[in-house]
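Peer 1: Got a structure for you, questions after.
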Amino acid sequence: MGAFEARLAALEGAVGAVAFASGMAALVSTLLALGEGGGRILASSRLYGGTLDALRSFLPRYGVHVDFADALDPVRFGKALRPETRAVLVESISNPDAHLVDVPELARIAHRANVPLVVDNTLATPYLFRPLEHGADIVVHSATKGIGGHGNALGGAVLEKGGFAWSPELFPALHEPQRILRRRESGEPRSFLEASPQTAFTLRLRLTHLAYLGAALGPFEAFLLVNGLVTLSERVSKQVATAQRLVERLQDHPKVAWVKHPSARGSADAALAKRDFPYGAGAVFSFGLRDHNSNGAFLDSLGLFSLQANLGDARSLILDSPKTVHSELTPTELHEAGIATGTLRVSVGLEDPDDLWDDLVQGLDNI
Ligand SMILES: *Cc1c(COP(=O)(O)O)cnc(C)c1O
């Protein structure tokens, strides 16, 4: 576990890291710690379905409330900050429609309110984007996805840049003396910030949320995730190249109505992709058939793509997003999250790109 934390911290440029048993455990622990006691989280409305559901229906029961706004428009997004806001949460590449956000601009907005910017960097992985280098303060990962890379281990992590100015008014828990942090010599209790000024937040997560909720990463999972990191660059660079080829070809197919990916023609994210994602903007894209009533028949006829809810896997995966990973959302919420009816989400794996294309074409020919 220590090896996994240290290597992921090195990749993300973080000074502190805590591993968790899953991405959701990492994310929910982070939001509970930041928003406790009636705080609010200002969140992008384009987030992973489980995150949206936790923010809407789970965290408010524990006194952590949420305001959603569209992070693609940072100025309007910033107007949704309130005096009770304790953190800003976005995904660097959103799930499922692969939109990019302006992390430096969102960091400036969060910092004006003296709160940290938390970035879920799951779809990007640190190979494609390192949020801490662009102004973010905390990075959260579901290591279940591209970091492990084989769909064989659940895991998560929280990483801290260090040096955030935690104000005592907004974040009193980091300033209060803790009996678990007594000085060895005098027995005098210290605060998390006194005990570890650079990594107070992750130290607190480790000693309280991880210890008391118990969602610790298992040693075998840590071993699998460390092995995943060894091949991260090789896997992700091939997956991104294949994704770009499939996007390019799909957008010209007569049975395809639209394709969303920063590399797609006319994408609103092209400028951000060019500025911040020199190695490509991920291997997850979505598309819609002209006749989305054919989704079922299309999916059934695919041979090489698996119908699985994971992503970042060695195998190529596809699913009907509104019917599976975003099925908790109402039609209005789906609209706010930018998820069109019939959205097919693809996570490109390591198969031969031409074999994948042939499979998509025979599936499209079948409908
Ligand atoms: C999958 C996912 C999560 C949750 O991770 P688990 O490891 O499945 O709990 C969080 N955020 C994003 C963007 C994800 O894709």
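So you can find residues: chains in the structure tokens are A, B, ... in the order shown, residues in each start at 1, and ligands are numbered from 1 in order.
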Output the neighbourhood of ligand 1 as a list in words, that is, all protein and nucleic acid residues with some atom at most 7 Å from the ligand, counting only C-alpha atoms and all ligand atoms.

Peer 2: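 Using only C-alpha atoms and all ligand atoms, everything at most 7 Å from ligand 1 comes to Ser22, Gly23, Met24, Ala25, Leu47, Tyr48, Gly50, Thr51, Glu91, Ser94, Asn95, Asp120, Asn121, Thr122, Leu123, His141, Ser142, Ala143, Thr144, Lys145, Leu154, Gly155, Gly156, Asn310 and Leu311 of chain A.
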
Peer 1: Suppose we keep N, CA, C and O atoms; can you now write the selection as an mmCIF file, in the first residue's frame?

Peer 2:
```cif
data_model
loop_
_atom_site.group_PDB
_atom_site.id
_atom_site.type_symbol
_atom_site.label_atom_id
_atom_site.label_comp_id
_atom_site.auth_asym_id
_atom_site.auth_seq_id
_atom_site.Cartn_x
_atom_site.Cartn_y
_atom_site.Cartn_z
ATOM 1 N N SER A 22 -11.621 1.812 -2.813
ATOM 2 C CA SER A 22 -12.294 2.081 -4.087
ATOM 3 C C SER A 22 -12.244 3.578 -4.360
ATOM 4 O O SER A 22 -11.935 4.374 -3.457
ATOM 5 N N GLY A 23 -12.576 3.929 -5.587
ATOM 6 C CA GLY A 23 -12.648 5.344 -5.941
ATOM 7 C C GLY A 23 -13.731 6.054 -5.142
ATOM 8 O O GLY A 23 -13.542 7.186 -4.690
ATOM 9 N N MET A 24 -14.887 5.407 -4.981
ATOM 10 C CA MET A 24 -15.970 6.049 -4.222
ATOM 11 C C MET A 24 -15.567 6.269 -2.764
ATOM 12 O O MET A 24 -15.911 7.290 -2.180
ATOM 13 N N ALA A 25 -14.843 5.321 -2.163
ATOM 14 C CA ALA A 25 -14.391 5.496 -0.775
ATOM 15 C C ALA A 25 -13.458 6.708 -0.683
ATOM 16 O O ALA A 25 -13.557 7.512 0.250
ATOM 17 N N LEU A 47 -20.495 14.729 -14.004
ATOM 18 C CA LEU A 47 -19.679 13.860 -13.152
ATOM 19 C C LEU A 47 -20.113 12.413 -13.334
ATOM 20 O O LEU A 47 -21.216 12.140 -13.822
ATOM 21 N N TYR A 48 -19.257 11.511 -12.903
ATOM 22 C CA TYR A 48 -19.560 10.076 -12.840
ATOM 23 C C TYR A 48 -20.893 9.873 -12.096
ATOM 24 O O TYR A 48 -21.170 10.562 -11.103
ATOM 25 N N GLY A 50 -22.119 7.659 -10.030
ATOM 26 C CA GLY A 50 -22.041 7.339 -8.599
ATOM 27 C C GLY A 50 -21.723 8.579 -7.775
ATOM 28 O O GLY A 50 -22.238 8.767 -6.664
ATOM 29 N N THR A 51 -20.873 9.450 -8.322
ATOM 30 C CA THR A 51 -20.514 10.691 -7.623
ATOM 31 C C THR A 51 -21.734 11.605 -7.533
ATOM 32 O O THR A 51 -22.027 12.178 -6.477
ATOM 33 N N GLU A 91 -14.310 16.937 -12.696
ATOM 34 C CA GLU A 91 -13.533 15.860 -13.306
ATOM 35 C C GLU A 91 -12.693 16.480 -14.426
ATOM 36 O O GLU A 91 -13.220 17.271 -15.211
ATOM 37 N N SER A 94 -14.591 14.620 -18.273
ATOM 38 C CA SER A 94 -15.852 14.192 -17.660
ATOM 39 C C SER A 94 -16.335 12.869 -18.248
ATOM 40 O O SER A 94 -16.034 12.518 -19.377
ATOM 41 N N ASN A 95 -17.097 12.176 -17.444
ATOM 42 C CA ASN A 95 -17.643 10.865 -17.774
ATOM 43 C C ASN A 95 -19.147 11.072 -18.004
ATOM 44 O O ASN A 95 -19.800 11.592 -17.108
ATOM 45 N N ASP A 120 -11.187 15.040 -9.834
ATOM 46 C CA ASP A 120 -11.233 13.593 -10.076
ATOM 47 C C ASP A 120 -10.526 13.372 -11.411
ATOM 48 O O ASP A 120 -11.017 13.777 -12.467
ATOM 49 N N ASN A 121 -9.352 12.750 -11.347
ATOM 50 C CA ASN A 121 -8.486 12.618 -12.526
ATOM 51 C C ASN A 121 -8.530 11.205 -13.103
ATOM 52 O O ASN A 121 -7.611 10.776 -13.799
ATOM 53 N N THR A 122 -9.619 10.479 -12.816
ATOM 54 C CA THR A 122 -9.715 9.066 -13.200
ATOM 55 C C THR A 122 -9.588 8.845 -14.704
ATOM 56 O O THR A 122 -8.816 7.990 -15.145
ATOM 57 N N LEU A 123 -10.343 9.607 -15.503
ATOM 58 C CA LEU A 123 -10.329 9.328 -16.943
ATOM 59 C C LEU A 123 -9.021 9.752 -17.597
ATOM 60 O O LEU A 123 -8.615 9.183 -18.602
ATOM 61 N N HIS A 141 -8.599 9.652 -7.330
ATOM 62 C CA HIS A 141 -8.605 8.651 -8.396
ATOM 63 C C HIS A 141 -9.481 7.463 -8.041
ATOM 64 O O HIS A 141 -9.471 7.007 -6.903
ATOM 65 N N SER A 142 -10.166 6.948 -9.054
ATOM 66 C CA SER A 142 -10.599 5.565 -8.992
ATOM 67 C C SER A 142 -9.497 4.783 -9.695
ATOM 68 O O SER A 142 -9.362 4.868 -10.922
ATOM 69 N N ALA A 143 -8.697 4.048 -8.916
ATOM 70 C CA ALA A 143 -7.597 3.264 -9.497
ATOM 71 C C ALA A 143 -8.114 1.995 -10.164
ATOM 72 O O ALA A 143 -7.371 1.279 -10.841
ATOM 73 N N THR A 144 -9.420 1.725 -9.949
ATOM 74 C CA THR A 144 -10.113 0.595 -10.564
ATOM 75 C C THR A 144 -10.037 0.676 -12.094
ATOM 76 O O THR A 144 -10.151 -0.331 -12.777
ATOM 77 N N LYS A 145 -9.852 1.875 -12.613
ATOM 78 C CA LYS A 145 -9.964 2.118 -14.052
ATOM 79 C C LYS A 145 -8.577 2.046 -14.703
ATOM 80 O O LYS A 145 -7.954 1.004 -14.647
ATOM 81 N N LEU A 154 -10.174 -3.375 -7.383
ATOM 82 C CA LEU A 154 -10.829 -2.125 -6.973
ATOM 83 C C LEU A 154 -9.846 -1.329 -6.133
ATOM 84 O O LEU A 154 -9.158 -1.900 -5.280
ATOM 85 N N GLY A 155 -9.803 -0.020 -6.348
ATOM 86 C CA GLY A 155 -8.932 0.807 -5.513
ATOM 87 C C GLY A 155 -9.186 2.276 -5.766
ATOM 88 O O GLY A 155 -9.842 2.651 -6.745
ATOM 89 N N GLY A 156 -8.675 3.099 -4.878
ATOM 90 C CA GLY A 156 -8.813 4.545 -5.044
ATOM 91 C C GLY A 156 -7.692 5.243 -4.306
ATOM 92 O O GLY A 156 -6.937 4.618 -3.555
ATOM 93 N N ASN A 310 -17.018 -0.870 -16.509
ATOM 94 C CA ASN A 310 -15.680 -0.385 -16.150
ATOM 95 C C ASN A 310 -15.156 0.531 -17.262
ATOM 96 O O ASN A 310 -15.793 0.722 -18.294
ATOM 97 N N LEU A 311 -14.000 1.136 -17.056
ATOM 98 C CA LEU A 311 -13.302 1.826 -18.139
ATOM 99 C C LEU A 311 -11.808 1.829 -17.856
ATOM 100 O O LEU A 311 -11.378 1.453 -16.766
#
```

Peer 1: For region 232-247 of chain A, please output as an MDAnalysis selection string all residues within 7 Å (counting only C-alpha atoms; exclusion window: fewer than 5 positions along the same chain).

Peer 2: chainID A and resid 127 147 259 263:264 280 282:283 348:350 353 357

Peer 1: Near Ala80 (chain A), within 12 Å and counting only C-alpha atoms, which residues show up once chain neighbours fewer than 5 positions away are dropped, as an MDAnalysis selection string?

Peer 2: chainID A and resid 40:44 66:71 73:75 85 87:88 109:110 113

Peer 1: Could the residues in this selection be saved with C-alpha atoms as a PDB file, in the first residue's frame?

Peer 2:
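Generated file (out-v7.pdb):
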```pdb
ATOM      1  CA  ARG A  40     -21.338  22.964   0.720  1.00  0.00           C
ATOM      2  CA  ILE A  41     -19.523  21.461  -2.267  1.00  0.00           C
ATOM      3  CA  LEU A  42     -19.669  23.392  -5.527  1.00  0.00           C
ATOM      4  CA  ALA A  43     -19.638  20.601  -8.100  1.00  0.00           C
ATOM      5  CA  SER A  44     -19.631  20.344 -11.856  1.00  0.00           C
ATOM      6  CA  VAL A  66     -24.073  20.409  -2.919  1.00  0.00           C
ATOM      7  CA  ASP A  67     -24.533  23.128  -5.510  1.00  0.00           C
ATOM      8  CA  PHE A  68     -24.268  21.990  -9.132  1.00  0.00           C
ATOM      9  CA  ALA A  69     -23.222  24.312 -11.925  1.00  0.00           C
ATOM     10  CA  ASP A  70     -21.742  23.892 -15.386  1.00  0.00           C
ATOM     11  CA  ALA A  71     -17.950  23.982 -15.005  1.00  0.00           C
ATOM     12  CA  ASP A  73     -18.361  28.078 -18.184  1.00  0.00           C
ATOM     13  CA  PRO A  74     -15.976  29.032 -15.321  1.00  0.00           C
ATOM     14  CA  VAL A  75     -17.360  32.558 -14.860  1.00  0.00           C
ATOM     15  CA  THR A  85     -18.732  26.482   0.122  1.00  0.00           C
ATOM     16  CA  ALA A  87     -14.568  22.833  -1.876  1.00  0.00           C
ATOM     17  CA  VAL A  88     -14.928  22.864  -5.655  1.00  0.00           C
ATOM     18  CA  ILE A 109     -12.048  30.780  -8.656  1.00  0.00           C
ATOM     19  CA  ALA A 110     -11.749  28.298  -5.764  1.00  0.00           C
ATOM     20  CA  ALA A 113     -13.019  31.793  -1.910  1.00  0.00           C
TER      21      ALA A 113
END
```

Peer 1: Tell me, in Å to one decimal, how far CA of Ala273 (chain A) is from CA of Phe285 (chain A).

Peer 2: 14.0 Å

Peer 1: In terms of the shortest atom-to-atom distance over only C-alpha atoms, which of A:His99, A:His175, A:Arg61, A:His209 is closest to Ala19 (chain A)?

Peer 2: A:His209

Peer 1: Contacts of Leu203 (chain A) at 10 Å or less, counting only C-alpha atoms, minus same-chain residues fewer than 6 places along, as an MDAnalysis selection string?

Peer 2: chainID A and resid 16:18 160 174 192:193 195:197 209:210

Peer 1: Output N, CA, C and O atoms for every residue in the selection just made, as a CSV table (one decimal), in the first residue's frame.

Peer 2:
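File part25.csv, as written:
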```
chain,number,residue,atom,x,y,z
A,16,GLY,N,1.5,14.3,-0.5
A,16,GLY,CA,0.8,13.3,0.4
A,16,GLY,C,-0.2,12.5,-0.4
A,16,GLY,O,-0.7,12.9,-1.4
A,17,ALA,N,-0.3,11.2,0.0
A,17,ALA,CA,-1.3,10.3,-0.7
A,17,ALA,C,-1.8,9.3,0.3
A,17,ALA,O,-1.1,8.9,1.2
A,18,VAL,N,-3.1,9.0,0.2
A,18,VAL,CA,-3.7,7.9,0.9
A,18,VAL,C,-4.5,7.0,0.0
A,18,VAL,O,-5.3,7.5,-0.8
A,160,GLU,N,-2.5,15.0,-2.3
A,160,GLU,CA,-2.5,16.4,-1.9
A,160,GLU,C,-1.3,17.1,-2.4
A,160,GLU,O,-0.2,16.6,-2.3
A,174,LEU,N,-8.7,20.8,11.1
A,174,LEU,CA,-7.2,20.7,10.9
A,174,LEU,C,-6.4,21.5,11.9
A,174,LEU,O,-5.2,21.3,12.0
A,192,PHE,N,-3.5,18.6,13.2
A,192,PHE,CA,-3.0,18.0,12.0
A,192,PHE,C,-2.0,18.9,11.3
A,192,PHE,O,-1.0,18.5,10.8
A,193,LEU,N,-2.3,20.2,11.3
A,193,LEU,CA,-1.4,21.1,10.7
A,193,LEU,C,-0.1,21.3,11.4
A,193,LEU,O,1.0,21.5,10.8
A,195,ALA,N,1.3,18.8,13.2
A,195,ALA,CA,2.0,17.6,13.1
A,195,ALA,C,2.6,17.4,11.7
A,195,ALA,O,3.6,16.8,11.5
A,196,SER,N,1.9,17.9,10.6
A,196,SER,CA,2.3,17.8,9.3
A,196,SER,C,1.8,18.9,8.4
A,196,SER,O,0.8,18.8,7.7
A,197,PRO,N,2.5,20.1,8.4
A,197,PRO,CA,2.0,21.3,7.8
A,197,PRO,C,1.7,21.0,6.3
A,197,PRO,O,0.8,21.6,5.7
A,209,HIS,N,-10.9,9.2,8.7
A,209,HIS,CA,-11.8,8.5,7.7
A,209,HIS,C,-11.4,7.1,7.3
A,209,HIS,O,-12.2,6.2,7.3
A,210,LEU,N,-10.1,7.0,7.0
A,210,LEU,CA,-9.7,5.6,6.6
A,210,LEU,C,-9.7,4.7,7.8
A,210,LEU,O,-10.2,3.5,7.7
```

Peer 1: Of the candidates A:Asp313, A:Asp137, A:Asp320, A:Asp359, which shows the shortest atom-to-atom distance to Val115 (chain A), using only C-alpha atoms?

Peer 2: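 Of A:Asp313, A:Asp137, A:Asp320, A:Asp359, the one nearest Val115 (chain A) is A:Asp137, counting only C-alpha atoms.
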
Peer 1: Taking only C-alpha atoms into account, which of A:Leu225, A:Leu319, A:Leu207, A:Val325 comes nearest Ser306 (chain A)?

Peer 2: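 Among A:Leu225, A:Leu319, A:Leu207, A:Val325, it is A:Leu319 that comes nearest to Ser306 (chain A).
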
Peer 1: Identify, on the basis of only C-alpha atoms, every residue whose closest approach to Phe287 (chain A) does not exceed 12 Å; exclude the query and any residue fewer than 5 positions from it along the same chain; express the result as a ChimeraX atom specification.

Peer 2: /A:96-98,246-253,255-261,264,292,295,318-321,339-347,360

Peer 1: Please, could you write that set of residues out with N, CA and C atoms as a short mmCIF file (atom, residue, chain, number, x, y, z; two decimals), in the first residue's frame?

Peer 2:
```cif
data_model
loop_
_atom_site.label_atom_id
_atom_site.label_comp_id
_atom_site.auth_asym_id
_atom_site.auth_seq_id
_atom_site.Cartn_x
_atom_site.Cartn_y
_atom_site.Cartn_z
N PRO A 96 -19.75 10.69 -19.10
CA PRO A 96 -19.23 9.93 -20.24
C PRO A 96 -18.87 10.78 -21.46
N ASP A 97 -19.13 12.10 -21.44
CA ASP A 97 -19.06 12.82 -22.71
C ASP A 97 -17.69 13.45 -22.97
N ALA A 98 -16.71 13.16 -22.09
CA ALA A 98 -15.31 13.54 -22.33
C ALA A 98 -15.14 15.04 -22.60
N LEU A 246 -10.77 5.73 -34.09
CA LEU A 246 -12.18 5.30 -34.13
C LEU A 246 -13.11 6.52 -34.20
N VAL A 247 -12.77 7.56 -33.44
CA VAL A 247 -13.59 8.79 -33.46
C VAL A 247 -13.61 9.37 -34.87
N GLU A 248 -12.41 9.44 -35.47
CA GLU A 248 -12.30 10.02 -36.81
C GLU A 248 -13.17 9.27 -37.82
N ARG A 249 -13.15 7.93 -37.72
CA ARG A 249 -13.91 7.15 -38.70
C ARG A 249 -15.40 7.15 -38.39
N LEU A 250 -15.74 7.07 -37.10
CA LEU A 250 -17.17 6.99 -36.74
C LEU A 250 -17.91 8.25 -37.16
N GLN A 251 -17.26 9.42 -37.06
CA GLN A 251 -17.99 10.65 -37.34
C GLN A 251 -18.36 10.75 -38.83
N ASP A 252 -17.74 9.92 -39.68
CA ASP A 252 -18.10 9.92 -41.10
C ASP A 252 -19.05 8.78 -41.46
N HIS A 253 -19.45 7.97 -40.47
CA HIS A 253 -20.32 6.83 -40.80
C HIS A 253 -21.77 7.30 -40.90
N LYS A 255 -24.60 5.98 -40.35
CA LYS A 255 -25.58 5.60 -39.32
C LYS A 255 -25.28 6.25 -37.97
N VAL A 256 -24.21 7.05 -37.90
CA VAL A 256 -23.82 7.68 -36.65
C VAL A 256 -24.23 9.15 -36.67
N ALA A 257 -24.99 9.58 -35.64
CA ALA A 257 -25.51 10.95 -35.62
C ALA A 257 -24.48 11.93 -35.07
N TRP A 258 -23.74 11.51 -34.04
CA TRP A 258 -22.77 12.43 -33.42
C TRP A 258 -21.70 11.62 -32.69
N VAL A 259 -20.54 12.22 -32.49
CA VAL A 259 -19.45 11.61 -31.72
C VAL A 259 -18.89 12.70 -30.82
N LYS A 260 -18.74 12.41 -29.53
CA LYS A 260 -18.18 13.40 -28.59
C LYS A 260 -16.82 12.94 -28.07
N HIS A 261 -15.83 13.73 -28.37
CA HIS A 261 -14.47 13.52 -27.86
C HIS A 261 -13.71 14.80 -28.21
N ALA A 264 -12.80 15.07 -31.73
CA ALA A 264 -13.82 15.03 -32.78
C ALA A 264 -13.89 16.38 -33.49
N HIS A 292 -31.61 5.64 -32.21
CA HIS A 292 -31.11 5.04 -30.97
C HIS A 292 -31.98 3.89 -30.46
N ASN A 295 -29.98 0.72 -30.50
CA ASN A 295 -28.84 0.52 -29.59
C ASN A 295 -28.70 -0.93 -29.15
N ILE A 318 -18.09 -1.11 -23.96
CA ILE A 318 -19.11 -0.20 -24.47
C ILE A 318 -20.38 -0.39 -23.66
N LEU A 319 -21.12 0.68 -23.46
CA LEU A 319 -22.43 0.55 -22.81
C LEU A 319 -23.32 1.72 -23.15
N ASP A 320 -24.61 1.50 -22.91
CA ASP A 320 -25.62 2.54 -23.09
C ASP A 320 -25.64 3.33 -21.78
N SER A 321 -25.01 4.50 -21.79
CA SER A 321 -24.74 5.24 -20.55
C SER A 321 -26.00 5.58 -19.74
N ILE A 339 -25.92 14.39 -21.01
CA ILE A 339 -25.99 13.02 -21.53
C ILE A 339 -27.25 12.85 -22.37
N ALA A 340 -27.05 12.72 -23.68
CA ALA A 340 -28.17 12.58 -24.61
C ALA A 340 -28.78 11.17 -24.50
N THR A 341 -30.08 11.06 -24.81
CA THR A 341 -30.73 9.75 -24.89
C THR A 341 -29.95 8.88 -25.88
N GLY A 342 -29.73 7.64 -25.51
CA GLY A 342 -29.07 6.72 -26.43
C GLY A 342 -27.56 6.86 -26.48
N THR A 343 -26.98 7.63 -25.55
CA THR A 343 -25.52 7.79 -25.53
C THR A 343 -24.82 6.45 -25.35
N LEU A 344 -23.95 6.12 -26.30
CA LEU A 344 -23.13 4.91 -26.18
C LEU A 344 -21.73 5.34 -25.75
N ARG A 345 -21.28 4.84 -24.60
CA ARG A 345 -19.95 5.22 -24.11
C ARG A 345 -18.96 4.10 -24.42
N VAL A 346 -17.84 4.49 -24.99
CA VAL A 346 -16.80 3.53 -25.34
C VAL A 346 -15.55 3.81 -24.52
N SER A 347 -14.95 2.78 -23.98
CA SER A 347 -13.62 2.89 -23.38
C SER A 347 -12.72 1.97 -24.20
N LEU A 360 -17.03 -2.59 -35.06
CA LEU A 360 -18.04 -1.52 -35.04
C LEU A 360 -18.80 -1.49 -36.37
#
```

Peer 1: Separation of CA of Val139 (chain A) and CA of Lys323 (chain A), in Å?

Peer 2: 28.5 Å

Peer 1: Taking only C-alpha atoms into account, which of A:Leu8, A:Phe201, A:Asn227, A:Gly49 comes nearest Ser327 (chain A)?

Peer 2: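 Nearest candidate to Ser327 (chain A) out of A:Leu8, A:Phe201, A:Asn227, A:Gly49: A:Gly49.
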
Peer 1: So what do you get for CA of Phe58 (chain A) versus CA of Ile93 (chain A), distance-wise?

Peer 2: 23.8 Å

Peer 1: Find, counting only C-alpha atoms, the residue in A:Pro83, A:Gly78, A:Gly13, A:Gly151 that gets nearest to Leu170 (chain A).

Peer 2: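 Looking at the shortest contact to Leu170 (chain A), the residue is A:Pro83.
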
Peer 1: Identify, on the basis of only C-alpha atoms, every residue whose closest approach to Gly135 (chain A) does not exceed 7 Å; exclude the query and any residue fewer than 5 positions from it along the same chain; express the result as a list in words.

Peer 2: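 Those residues are Val103, Pro104 and Ala107 of chain A.
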
Peer 1: Would you please work out which residue, of A:Phe171, A:Glu12, A:Ser45, A:Pro131, is nearest to Glu84 (chain A) when using only C-alpha atoms?

Peer 2: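 Nearest to Glu84 (chain A): A:Phe171.
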
Peer 1: From a DSSP pass on the backbone, collect the residues of region 112-314 of chain A flagged as helix (DSSP H, G or I) and hand them back as a PyMOL selection string.

Peer 2: chain A and resi 112+125-128+131-134+172-174+179-181+192-195+200-213+219-230+232-250+270-276+292-301
